[in-house]
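S.K.: Quick one, model.pdb (PDB, C-alpha atoms and all ligand atoms):
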```
ATOM      1  CA  MET A 197     -29.866   0.791   2.626
ATOM      2  CA  LYS A 198     -27.950   4.060   3.033
ATOM      3  CA  THR A 199     -24.347   5.205   3.307
ATOM      4  CA  VAL A 200     -23.326   7.123   6.435
ATOM      5  CA  PRO A 201     -20.087   9.140   6.934
ATOM      6  CA  ALA A 202     -17.547   6.930   8.703
ATOM      7  CA  ASN A 203     -16.637   9.613  11.261
ATOM      8  CA  ARG A 204     -19.932   8.838  12.998
ATOM      9  CA  TYR A 205     -18.408   5.487  13.987
ATOM     10  CA  SER A 206     -15.674   4.707  16.476
ATOM     11  CA  PHE A 207     -12.449   3.045  15.363
ATOM     12  CA  GLU A 208     -13.601   0.004  17.350
ATOM     13  CA  GLN A 209     -16.783  -0.228  15.243
ATOM     14  CA  LEU A 210     -14.908   0.373  11.990
ATOM     15  CA  THR A 211     -12.336  -2.284  12.844
ATOM     16  CA  GLU A 212     -15.064  -4.794  13.662
ATOM     17  CA  ALA A 213     -16.887  -4.032  10.393
ATOM     18  CA  TYR A 214     -13.689  -4.163   8.345
ATOM     19  CA  ASN A 215     -12.672  -7.541   9.767
ATOM     20  CA  GLN A 216     -16.105  -8.960   9.000
ATOM     21  CA  THR A 217     -15.770  -7.923   5.346
ATOM     22  CA  ARG A 218     -12.451  -9.768   5.105
ATOM     23  CA  VAL A 219     -13.226 -13.139   6.698
ATOM     24  CA  ASP A 220     -12.987 -14.862   3.297
ATOM     25  CA  TYR A 221     -10.357 -12.586   1.743
ATOM     26  CA  LEU A 222      -7.686 -13.767  -0.709
ATOM     27  CA  VAL A 223      -4.857 -12.607   1.552
ATOM     28  CA  PRO A 224      -5.795 -12.602   5.262
ATOM     29  CA  MET A 225      -5.280  -9.073   6.629
ATOM     30  CA  PRO A 226      -7.098  -8.731   9.944
ATOM     31  CA  MET A 227      -6.770  -5.360  11.672
ATOM     32  CA  ASN A 228      -6.885  -4.347  15.300
ATOM     33  CA  VAL A 229      -8.008  -0.929  16.505
ATOM     34  CA  ALA A 230      -4.479   0.444  16.961
ATOM     35  CA  ARG A 231      -3.445  -0.697  13.489
ATOM     36  CA  LEU A 232      -6.506   0.807  11.814
ATOM     37  CA  ARG A 233      -5.886   4.119  13.592
ATOM     38  CA  GLU A 234      -2.249   4.064  12.479
ATOM     39  CA  TYR A 235      -3.307   3.108   8.940
ATOM     40  CA  ALA A 236      -5.746   6.033   8.746
ATOM     41  CA  HIS A 237      -3.054   8.420  10.008
ATOM     42  CA  VAL A 238      -0.233   7.214   7.743
ATOM     43  CA  TYR A 239      -2.338   7.121   4.580
ATOM     44  CA  ASP A 240      -4.295  10.340   5.231
ATOM     45  CA  VAL A 241      -7.670   8.622   5.370
ATOM     46  CA  ASP A 242     -10.415  11.223   5.813
ATOM     47  CA  LEU A 243     -13.232   9.617   7.797
ATOM     48  CA  THR A 244     -15.639  12.414   6.885
ATOM     49  CA  ALA A 245     -15.181  11.382   3.223
ATOM     50  CA  SER A 246     -15.301   7.647   4.017
ATOM     51  CA  CYS A 247     -18.549   5.744   4.475
ATOM     52  CA  VAL A 248     -20.334   2.837   6.111
ATOM     53  CA  ALA A 249     -23.277   1.135   4.364
ATOM     54  CA  VAL A 250     -26.139   0.348   6.777
ATOM     55  CA  GLU A 251     -29.615  -1.098   6.680
ATOM     56  CA  ASP A 252     -31.872  -1.105   9.767
ATOM     57  CA  ASN A 253     -28.873  -0.466  12.045
ATOM     58  CA  THR A 254     -26.993  -3.412  10.551
ATOM     59  CA  THR A 255     -23.610  -2.682   9.021
ATOM     60  CA  LEU A 256     -23.325  -4.100   5.504
ATOM     61  CA  GLY A 257     -19.955  -2.800   4.429
ATOM     62  CA  LEU A 258     -17.573   0.146   4.364
ATOM     63  CA  GLY A 259     -15.076   2.028   2.242
ATOM     64  CA  MET A 260     -12.464   4.649   3.064
ATOM     65  CA  LEU A 261     -11.091   7.616   1.161
ATOM     66  CA  GLY A 262      -7.556   8.951   1.499
ATOM     67  CA  VAL A 263      -7.141  12.589   0.478
ATOM     68  CA  ARG A 264      -3.906  14.364  -0.541
ATOM     69  CA  ASP A 265      -3.813  17.616  -2.510
ATOM     70  CA  GLN A 266      -5.944  16.930  -5.586
ATOM     71  CA  ARG A 267      -5.671  13.151  -5.266
ATOM     72  CA  ALA A 268      -8.018  10.721  -3.582
ATOM     73  CA  TRP A 269      -7.442   7.031  -2.800
ATOM     74  CA  ILE A 270     -10.007   4.326  -2.171
ATOM     75  CA  THR A 271      -9.072   1.767   0.465
ATOM     76  CA  ARG A 272     -10.401  -0.749   3.028
ATOM     77  CA  LEU A 273     -13.475  -1.281   0.866
ATOM     78  CA  GLY A 274     -15.530  -4.365   1.604
ATOM     79  CA  VAL A 275     -19.007  -5.823   1.968
ATOM     80  CA  LEU A 276     -19.917  -8.512   4.495
ATOM     81  CA  PRO A 277     -20.118 -11.896   2.724
ATOM     82  CA  SER A 278     -23.837 -12.281   3.506
ATOM     83  CA  GLY A 279     -24.664  -8.949   1.836
ATOM     84  CA  ARG A 280     -22.774  -9.270  -1.428
ATOM     85  CA  ARG A 281     -24.145  -9.043  -4.966
ATOM     86  CA  LYS A 282     -27.016  -6.835  -3.876
ATOM     87  CA  GLY A 283     -25.600  -3.485  -4.898
ATOM     88  CA  VAL A 284     -23.880  -2.551  -1.618
ATOM     89  CA  GLY A 285     -20.439  -2.350  -3.250
ATOM     90  CA  ASN A 286     -21.967  -0.123  -5.944
ATOM     91  CA  ALA A 287     -23.457   2.177  -3.300
ATOM     92  CA  ILE A 288     -20.159   2.501  -1.396
ATOM     93  CA  MET A 289     -18.218   3.219  -4.603
ATOM     94  CA  THR A 290     -20.776   5.826  -5.682
ATOM     95  CA  ALA A 291     -20.573   7.543  -2.282
ATOM     96  CA  LEU A 292     -16.739   7.612  -2.275
ATOM     97  CA  ILE A 293     -16.510   8.913  -5.845
ATOM     98  CA  SER A 294     -19.020  11.673  -5.150
ATOM     99  CA  GLN A 295     -17.045  12.657  -2.016
ATOM    100  CA  ALA A 296     -13.923  12.982  -4.200
ATOM    101  CA  GLU A 297     -15.880  15.014  -6.754
ATOM    102  CA  GLU A 298     -17.304  17.301  -4.052
ATOM    103  CA  ARG A 299     -13.768  17.940  -2.849
ATOM    104  CA  ASN A 300     -12.777  18.882  -6.391
ATOM    105  CA  MET A 301     -10.183  16.094  -6.706
ATOM    106  CA  ASP A 302      -8.425  15.503 -10.042
ATOM    107  CA  GLU A 303      -8.161  11.729  -9.779
ATOM    108  CA  ILE A 304      -8.877   8.691  -7.612
ATOM    109  CA  TRP A 305      -6.359   5.905  -7.126
ATOM    110  CA  LEU A 306      -6.774   2.409  -5.728
ATOM    111  CA  GLU A 307      -5.199  -1.038  -5.752
ATOM    112  CA  VAL A 308      -6.742  -4.447  -6.153
ATOM    113  CA  ILE A 309      -5.078  -7.759  -5.402
ATOM    114  CA  TYR A 310      -4.316  -9.739  -8.550
ATOM    115  CA  GLY A 311      -7.031 -12.383  -8.920
ATOM    116  CA  ASN A 312      -9.734 -10.516  -6.954
ATOM    117  CA  ASP A 313     -12.155 -10.569  -9.895
ATOM    118  CA  PRO A 314     -15.282  -9.233  -8.127
ATOM    119  CA  ALA A 315     -13.484  -6.060  -7.005
ATOM    120  CA  HIS A 316     -11.493  -5.739 -10.233
ATOM    121  CA  ASN A 317     -14.724  -5.944 -12.280
ATOM    122  CA  MET A 318     -16.396  -3.424 -10.041
ATOM    123  CA  PHE A 319     -13.557  -0.920 -10.386
ATOM    124  CA  LYS A 320     -13.480  -1.332 -14.184
ATOM    125  CA  LYS A 321     -17.240  -0.799 -14.244
ATOM    126  CA  PHE A 322     -16.724   2.511 -12.414
ATOM    127  CA  GLY A 323     -14.225   3.657 -15.051
ATOM    128  CA  PHE A 324     -10.941   2.861 -13.272
ATOM    129  CA  GLN A 325      -8.058   2.026 -15.600
ATOM    130  CA  GLU A 326      -5.057  -0.152 -14.855
ATOM    131  CA  THR A 327      -1.758   1.642 -14.460
ATOM    132  CA  ARG A 328       0.922  -0.626 -12.969
ATOM    133  CA  GLU A 329       1.459  -4.023 -11.409
ATOM    134  CA  LEU A 330       2.799  -3.824  -7.853
ATOM    135  CA  ILE A 331       4.712  -6.479  -5.934
ATOM    136  CA  VAL A 332       4.481  -7.277  -2.225
ATOM    137  CA  ALA A 333       7.598  -9.209  -1.204
ATOM    138  CA  ARG A 334       9.172 -10.585   1.944
ATOM    139  CA  ARG A 335      12.567 -11.752   2.978
ATOM    140  CA  PRO A 336      13.089 -14.130   5.875
ATOM    141  CA  PRO A 337      16.074 -13.421   8.129
ATOM    142  CA  ASN A 338      19.180 -15.069   6.737
ATOM    143  CA  LEU A 339      22.239 -15.006   8.934
ATOM    144  CA  ASN A 340      24.448 -16.264   6.083
ATOM    145  CA  THR A 341      24.079 -13.131   3.971
ATOM    146  CA  ALA A 342      25.836 -11.192   6.683
ATOM    147  CA  ILE A 343      29.050 -10.552   4.725
ATOM    148  CA  LEU A 344      29.425  -7.016   3.456
ATOM    149  CA  PRO A 345      29.688  -7.019  -0.363
ATOM    150  CA  PRO A 346      33.308  -6.316  -1.432
ATOM    151  CA  THR A 347      32.197  -3.680  -3.960
ATOM    152  CA  VAL A 348      30.972  -1.259  -1.295
ATOM    153  CA  LYS A 349      33.143   1.841  -0.891
ATOM    154  CA  ARG A 350      31.192   3.934   1.578
ATOM    155  CA  ILE A 351      28.023   3.659   3.648
ATOM    156  CA  THR A 352      26.353   6.724   5.149
ATOM    157  CA  ALA A 353      23.603   6.224   7.715
ATOM    158  CA  LEU A 354      20.856   8.851   7.568
ATOM    159  CA  ASP A 355      18.106   9.810  10.011
ATOM    160  CA  HIS A 356      14.377  10.302   9.453
ATOM    161  CA  GLU A 357      14.583  13.875   8.172
ATOM    162  CA  GLU A 358      17.410  13.034   5.774
ATOM    163  CA  ALA A 359      15.539   9.942   4.586
ATOM    164  CA  ILE A 360      12.499  12.106   3.793
ATOM    165  CA  ILE A 361      14.637  14.453   1.691
ATOM    166  CA  LEU A 362      15.943  11.498  -0.338
ATOM    167  CA  LEU A 363      12.426  10.093  -0.726
ATOM    168  CA  SER A 364      11.073  13.410  -1.952
ATOM    169  CA  HIS A 365      13.570  13.384  -4.842
ATOM    170  CA  ARG A 366      12.604  10.025  -6.333
ATOM    171  CA  LYS A 367      12.416   9.878 -10.130
ATOM    172  CA  THR A 368       9.412   7.566 -10.517
ATOM    173  CA  ARG A 369       5.991   8.357  -9.055
ATOM    174  CA  PRO A 370       5.552   5.966  -6.134
ATOM    175  CA  ASN A 371       2.323   4.174  -5.275
ATOM    176  CA  TRP A 372       0.156   5.822  -2.544
ATOM    177  CA  LEU A 373       1.551   3.510   0.152
ATOM    178  CA  ASN A 374       5.085   4.654  -0.634
ATOM    179  CA  GLU A 375       4.453   8.309  -1.342
ATOM    180  CA  THR A 376       6.623  10.719   0.629
ATOM    181  CA  GLU A 377       3.494  11.807   2.558
ATOM    182  CA  SER A 378       2.960   8.225   3.805
ATOM    183  CA  LEU A 379       6.573   7.956   4.895
ATOM    184  CA  GLN A 380       6.543  11.374   6.497
ATOM    185  CA  ASN A 381       3.603  10.191   8.592
ATOM    186  CA  THR A 382       5.628   7.164   9.699
ATOM    187  CA  ARG A 383       7.894   7.715  12.649
ATOM    188  CA  ASN A 384      11.583   6.781  12.867
ATOM    189  CA  LEU A 385      12.453   6.088   9.286
ATOM    190  CA  SER A 386      16.121   5.409   8.508
ATOM    191  CA  ALA A 387      18.159   5.379   5.316
ATOM    192  CA  LEU A 388      21.521   4.098   4.128
ATOM    193  CA  LEU A 389      23.351   5.789   1.302
ATOM    194  CA  VAL A 390      25.590   3.253  -0.414
ATOM    195  CA  GLU A 391      28.485   4.096  -2.735
ATOM    196  CA  LEU A 392      30.224   1.339  -4.681
ATOM    197  CA  ASN A 393      33.829   1.190  -5.895
ATOM    198  CA  ASP A 394      32.838   1.572  -9.567
ATOM    199  CA  GLY A 395      31.027   4.873  -8.940
ATOM    200  CA  SER A 396      27.547   3.303  -8.690
ATOM    201  CA  ARG A 397      25.336   4.755  -5.978
ATOM    202  CA  GLY A 398      21.977   4.195  -4.399
ATOM    203  CA  TRP A 399      20.098   4.329  -1.130
ATOM    204  CA  THR A 400      17.583   2.342   0.830
ATOM    205  CA  ALA A 401      15.015   3.822   3.192
ATOM    206  CA  TYR A 402      13.238   1.643   5.758
ATOM    207  CA  HIS A 403      11.532   1.430   9.088
ATOM    208  CA  GLY A 404      13.489  -0.733  11.493
ATOM    209  CA  GLY A 405      11.178  -2.507  13.914
ATOM    210  CA  LEU A 406      12.352  -4.927  16.566
ATOM    211  CA  LEU A 407      11.223  -8.004  14.649
ATOM    212  CA  GLN A 408      10.597  -6.687  11.181
ATOM    213  CA  LEU A 409      11.992  -4.183   8.695
ATOM    214  CA  THR A 410       9.138  -2.548   6.800
ATOM    215  CA  ARG A 411       8.637   0.196   4.202
ATOM    216  CA  ILE A 412      11.857  -0.873   2.484
ATOM    217  CA  LEU A 413      12.483   1.131  -0.665
ATOM    218  CA  VAL A 414      15.566   1.345  -2.844
ATOM    219  CA  GLU A 415      16.484   4.102  -5.256
ATOM    220  CA  VAL A 416      19.364   3.756  -7.715
ATOM    221  CA  ILE A 417      21.162   7.026  -8.430
ATOM    222  CA  ALA A 418      23.902   5.668 -10.721
ATOM    223  CA  GLY A 419      24.837   2.235 -12.042
ATOM    224  CA  ASP A 420      23.063  -0.990 -12.910
ATOM    225  CA  PRO A 421      19.577  -0.984 -11.304
ATOM    226  CA  ALA A 422      19.642  -4.625 -10.179
ATOM    227  CA  ASP A 423      23.270  -4.637  -8.975
ATOM    228  CA  VAL A 424      22.927  -1.415  -6.977
ATOM    229  CA  THR A 425      19.610  -2.606  -5.499
ATOM    230  CA  THR A 426      21.222  -5.866  -4.351
ATOM    231  CA  ALA A 427      24.176  -3.982  -2.879
ATOM    232  CA  CYS A 428      21.937  -1.565  -0.939
ATOM    233  CA  LEU A 429      19.803  -4.421   0.398
ATOM    234  CA  ASN A 430      22.844  -6.522   1.340
ATOM    235  CA  VAL A 431      24.186  -3.593   3.328
ATOM    236  CA  LEU A 432      20.792  -3.162   5.025
ATOM    237  CA  HIS A 433      20.494  -6.843   5.920
ATOM    238  CA  GLN A 434      24.074  -7.024   7.069
ATOM    239  CA  ARG A 435      23.128  -4.410   9.674
ATOM    240  CA  HIS A 436      19.800  -6.028  10.571
ATOM    241  CA  LYS A 437      20.549  -9.729  10.439
ATOM    242  CA  ARG A 438      17.745 -10.982  12.632
ATOM    243  CA  GLN A 439      14.742  -9.122  11.292
ATOM    244  CA  ASP A 440      12.218 -10.344   8.814
ATOM    245  CA  ALA A 441      11.772  -7.863   5.933
ATOM    246  CA  LYS A 442       8.764  -6.670   3.994
ATOM    247  CA  THR A 443       8.416  -4.360   1.017
ATOM    248  CA  GLU A 444       5.058  -3.349  -0.420
ATOM    249  CA  ASN A 445       3.947  -2.098  -3.803
ATOM    250  CA  ILE A 446       7.308  -1.979  -5.546
ATOM    251  CA  PHE A 447       7.428  -2.223  -9.324
ATOM    252  CA  ASP A 448       8.155  -5.142 -11.622
ATOM    253  CA  ASP A 449      11.042  -3.222 -13.175
ATOM    254  CA  ALA A 450      14.820  -3.516 -13.635
ATOM    255  CA  GLN A 451      15.325  -3.277  -9.843
ATOM    256  CA  TRP A 452      13.133  -6.288  -8.976
ATOM    257  CA  PRO A 453      15.818  -8.920  -9.921
ATOM    258  CA  GLY A 454      18.068  -7.042  -7.467
ATOM    259  CA  TYR A 455      15.522  -7.568  -4.680
ATOM    260  CA  GLN A 456      15.262 -11.247  -5.610
ATOM    261  CA  ARG A 457      19.041 -11.683  -5.546
ATOM    262  CA  ALA A 458      19.030 -10.190  -2.039
ATOM    263  CA  GLY A 459      16.620 -12.933  -0.927
ATOM    264  CA  TYR A 460      13.204 -11.317  -1.445
ATOM    265  CA  LEU A 461      10.326 -13.599  -2.381
ATOM    266  CA  GLU A 462       7.144 -12.430  -4.041
ATOM    267  CA  SER A 463       4.094 -12.827  -1.749
ATOM    268  CA  PHE A 464       1.414 -11.461  -4.074
ATOM    269  CA  ARG A 465       0.713  -8.737  -6.607
ATOM    270  CA  ARG A 466      -1.644  -5.825  -6.745
ATOM    271  CA  ILE A 467      -2.923  -3.895  -9.731
ATOM    272  CA  GLU A 468      -2.858  -0.118  -9.369
ATOM    273  CA  MET A 469      -5.784   1.680 -11.014
ATOM    274  CA  VAL A 470      -6.791   5.303 -11.545
ATOM    275  CA  LYS A 471      -9.937   7.184 -12.469
ATOM    276  CA  LYS A 472      -9.483  10.701 -13.790
ATOM    277  CA  LEU A 473     -12.193  13.085 -12.651
ATOM    278  CA  LYS A 474     -11.067  16.033 -14.805
TER     279      LYS A 474
HETATM  280  C1  LIG B   1     -15.786  -6.432  -4.177
HETATM  281  C2  LIG B   1     -17.012  -6.293  -3.284
HETATM  282  C3  LIG B   1     -16.828  -5.045  -2.427
HETATM  283  C4  LIG B   1     -18.252  -6.111  -4.158
HETATM  284  O1  LIG B   1     -19.348  -5.845  -3.321
HETATM  285  P1  LIG B   1     -20.862  -6.249  -3.704
HETATM  286  O2  LIG B   1     -21.777  -5.586  -2.752
HETATM  287  O3  LIG B   1     -20.973  -7.708  -3.857
HETATM  288  O4  LIG B   1     -20.973  -5.545  -5.145
HETATM  289  P2  LIG B   1     -22.286  -5.177  -5.954
HETATM  290  O5  LIG B   1     -23.366  -6.177  -5.735
HETATM  291  O6  LIG B   1     -22.636  -3.755  -5.687
HETATM  292  O7  LIG B   1     -21.731  -5.301  -7.436
HETATM  293  C5  LIG B   1     -20.926  -4.260  -7.985
HETATM  294  C6  LIG B   1     -20.137  -4.789  -9.165
HETATM  295  O8  LIG B   1     -19.066  -5.589  -8.696
HETATM  296  C7  LIG B   1     -18.787  -6.635  -9.634
HETATM  297  N1  LIG B   1     -18.946  -7.902  -8.943
HETATM  298  C8  LIG B   1     -19.404  -8.086  -7.678
HETATM  299  N2  LIG B   1     -19.347  -9.392  -7.357
HETATM  300  C9  LIG B   1     -18.868 -10.049  -8.405
HETATM  301  C10 LIG B   1     -18.564 -11.403  -8.669
HETATM  302  N3  LIG B   1     -18.758 -12.338  -7.731
HETATM  303  N4  LIG B   1     -18.030 -11.721  -9.861
HETATM  304  C11 LIG B   1     -17.820 -10.770 -10.796
HETATM  305  N5  LIG B   1     -18.082  -9.459 -10.612
HETATM  306  C12 LIG B   1     -18.600  -9.102  -9.443
HETATM  307  C13 LIG B   1     -19.754  -6.432 -10.778
HETATM  308  O9  LIG B   1     -19.126  -5.600 -11.727
HETATM  309  C14 LIG B   1     -20.883  -5.700 -10.103
HETATM  310  O10 LIG B   1     -21.610  -4.925 -10.998
HETATM  311  P3  LIG B   1     -22.986  -5.527 -11.641
HETATM  312  O11 LIG B   1     -23.856  -5.883 -10.486
HETATM  313  O12 LIG B   1     -23.501  -4.399 -12.462
HETATM  314  O13 LIG B   1     -22.562  -6.728 -12.412
HETATM  315  C15 LIG B   1     -17.220  -7.565  -2.400
HETATM  316  O14 LIG B   1     -17.141  -8.695  -3.218
HETATM  317  C16 LIG B   1     -16.230  -7.711  -1.251
HETATM  318  O15 LIG B   1     -16.391  -7.112  -0.191
HETATM  319  N6  LIG B   1     -15.172  -8.535  -1.415
HETATM  320  C17 LIG B   1     -14.192  -8.785  -0.357
HETATM  321  C18 LIG B   1     -13.375  -7.563  -0.024
HETATM  322  C19 LIG B   1     -12.745  -6.971  -1.256
HETATM  323  O16 LIG B   1     -12.367  -7.654  -2.183
HETATM  324  N7  LIG B   1     -12.583  -5.652  -1.251
HETATM  325  C20 LIG B   1     -11.970  -4.902  -2.323
HETATM  326  C21 LIG B   1     -10.532  -4.785  -2.021
HETATM  327  S1  LIG B   1      -9.684  -3.963  -3.312
END
```
Please rewrite the model in this file as structure tokens.
Ligand SMILES: CC(C)(COP(=O)(O)OP(=O)(O)OC[C@H]1O[C@@H](n2cnc3c(N)ncnc32)[C@H](O)[C@@H]1OP(=O)(O)O)[C@@H](O)C(=O)NCCC(=O)NCCS

M.R.:
Amino acid sequence: MKTVPANRYSFEQLTEAYNQTRVDYLVPMPMNVARLREYAHVYDVDLTASCVAVEDNTTLGLGMLGVRDQRAWITRLGVLPSGRRKGVGNAIMTALISQAEERNMDEIWLEVIYGNDPAHNMFKKFGFQETRELIVARRPPNLNTAILPPTVKRITALDHEEAIILLSHRKTRPNWLNETESLQNTRNLSALLVELNDGSRGWTAYHGGLLQLTRILVEVIAGDPADVTTACLNVLHQRHKRQDAKTENIFDDAQWPGYQRAGYLESFRRIEMVKKLK
């Protein structure tokens, strides 16, 4: 068995291989070619640093590496069910880590879904340490929450460029999925700056699709974290009554009750992990 750089494969082949590694996955996440392409673009996946594990022309698994400044990120890693527990995962991890080392990276990040013990064990074995717990949450459309909260004083709608400026000034380090680079690579982001009567302020940035709002993030500038989060989200959903909403990799912090009060339900959790190379 050997590992081959993923840029020798087409997106069609990578998509096919990826889907085969996930047939029995905890949370079903099948990809199509367009989505994998978009994923690689948004998250700065470098296919020359990513790899496919093969034996006698048979694909056994794959793993991808995102690269930003001095940071690398392992993603889309998987081994076909028939080939597991034979060292293929080890070989892919070793190849990705040495790619990050060759590129002189400071650290490698990744996430693992809570309860995925095989992967979690593997990452711990390779020296990755847990950093934060991340929440993936959804909100079904709810036409009854359409009333604008009475505490809102002013709402300012912002365009993509203005949203990026707000995002680049966040206080807490976001997870890779929500880093400013990821959002910069996403087209047509919007933001709403919300000021409340008591002087509290915050904003929400999001991507408004026809059926779904995605990449929803809230930042509280002043005031109670949960209250301001709820207010920002109520304003957002008042404007987008019919769309389903999804937020990924937010933190279990003082803002999370504000998401819940706005109708968000936890889908699952991920554990963020890091390995320092220097
Ligand atoms: C996680 C995964 C990639 C491991 O691949 P693999 O080829 O079976 O792994 P290996 O045989 O090389 O084992 C590597 C290490 O993983 C851990 N591991 C693998 N399978 C395990 C299991 N069933 N239970 C506990 N630990 C396990 C062990 O630490 C193992 O090291 P060891 O052999 O020294 O004990 C594979 O199970 C998989 O593709 N799962 C579905 C997709 C997935 O979860 N991807 C990761 C997303 S974050």

S.K.: Would you mind listing the residues within 10 Å of ligand LIG 1 (chain B), counting only C-alpha atoms and all ligand atoms, as a PyMOL selection string?

M.R.: chain A and resi 214-223+249+256-259+270-290+306-322+466-468

S.K.: Give the answer as one residue: which of A:Leu406, A:Ala401, A:Val332, A:Ile417 has the shortest atom-to-atom distance to Glu444 in chain A, using all atoms listed in the file?

M.R.: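 With all atoms listed in the file as the atom set, the closest residue is A:Val332.
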
S.K.: Counting all atoms listed in the file, figure out which residue out of A:Thr352, A:Asn384, A:Ser378, A:Thr410 gets nearest to Tyr239 in chain A.

M.R.: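 Nearest candidate to Tyr239 in chain A out of A:Thr352, A:Asn384, A:Ser378, A:Thr410: A:Ser378.
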
S.K.: Take the PyMOL selection byres (((chain A and resi 402) around 12) and not hetatm), run it mentally on this structure, and tell me the resulting residues as a PyMOL selection string.

M.R.: chain A and resi 353-356+359-360+362-363+374+379-380+382-389+399-401+403-405+408-415+428-429+432-433+436+441-444

S.K.: When the PyMOL selection byres (((chain A and resi 438) around 8) and not hetatm) is applied to the structure above, which residues does it catch, written out as a list in words?

M.R.: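 Output from the PyMOL selection byres (((chain A and resi 438) around 8) and not hetatm), applied to this file: Pro337, Asn338, Leu339, Leu407, His436, Lys437, Gln439 and Asp440 of chain A.
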
S.K.: Residues near Ala422 in chain A, anyone? I mean within 8 Å using all atoms listed in the file, not counting same-chain ones fewer than 3 positions away, as an NGL selection string.

M.R.: :A and (425-426 or 450-455)

S.K.: N, CA and C atoms are what I want for range 397-414 of chain A; can you complete it accordingly and write them as a short mmCIF file (atom, residue, chain, number, x, y, z; two decimals), in the frame of the given file?

M.R.:
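Saved to selection-v8.cif:
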```cif
data_model
loop_
_atom_site.label_atom_id
_atom_site.label_comp_id
_atom_site.auth_asym_id
_atom_site.auth_seq_id
_atom_site.Cartn_x
_atom_site.Cartn_y
_atom_site.Cartn_z
N ARG A 397 25.85 4.25 -7.25
CA ARG A 397 25.34 4.76 -5.98
C ARG A 397 23.85 4.50 -5.85
N GLY A 398 23.41 4.35 -4.64
CA GLY A 398 21.98 4.20 -4.40
C GLY A 398 21.70 4.35 -2.92
N TRP A 399 20.43 4.26 -2.56
CA TRP A 399 20.10 4.33 -1.13
C TRP A 399 18.89 3.44 -0.85
N THR A 400 18.78 3.06 0.39
CA THR A 400 17.58 2.34 0.83
C THR A 400 17.01 3.06 2.05
N ALA A 401 15.71 3.24 2.03
CA ALA A 401 15.02 3.82 3.19
C ALA A 401 14.16 2.70 3.78
N TYR A 402 13.96 2.73 5.11
CA TYR A 402 13.24 1.64 5.76
C TYR A 402 12.83 2.04 7.16
N HIS A 403 11.88 1.28 7.69
CA HIS A 403 11.53 1.43 9.09
C HIS A 403 12.04 0.19 9.82
N GLY A 404 12.88 0.40 10.79
CA GLY A 404 13.49 -0.73 11.49
C GLY A 404 12.76 -1.07 12.78
N GLY A 405 11.86 -2.03 12.71
CA GLY A 405 11.18 -2.51 13.91
C GLY A 405 12.02 -3.57 14.60
N LEU A 406 11.60 -3.95 15.79
CA LEU A 406 12.35 -4.93 16.57
C LEU A 406 12.42 -6.29 15.85
N LEU A 407 11.29 -6.69 15.29
CA LEU A 407 11.22 -8.00 14.65
C LEU A 407 11.19 -7.94 13.14
N GLN A 408 10.80 -6.77 12.63
CA GLN A 408 10.60 -6.69 11.18
C GLN A 408 11.06 -5.34 10.62
N LEU A 409 11.69 -5.40 9.44
CA LEU A 409 11.99 -4.18 8.70
C LEU A 409 10.84 -3.99 7.72
N THR A 410 10.26 -2.80 7.71
CA THR A 410 9.14 -2.55 6.80
C THR A 410 9.42 -1.28 5.99
N ARG A 411 8.55 -1.01 5.05
CA ARG A 411 8.64 0.20 4.20
C ARG A 411 9.98 0.29 3.50
N ILE A 412 10.54 -0.86 3.13
CA ILE A 412 11.86 -0.87 2.48
C ILE A 412 11.72 -0.40 1.04
N LEU A 413 12.48 0.61 0.70
CA LEU A 413 12.48 1.13 -0.66
C LEU A 413 13.93 1.35 -1.08
N VAL A 414 14.21 1.12 -2.35
CA VAL A 414 15.57 1.34 -2.84
C VAL A 414 15.50 2.27 -4.05
#
```
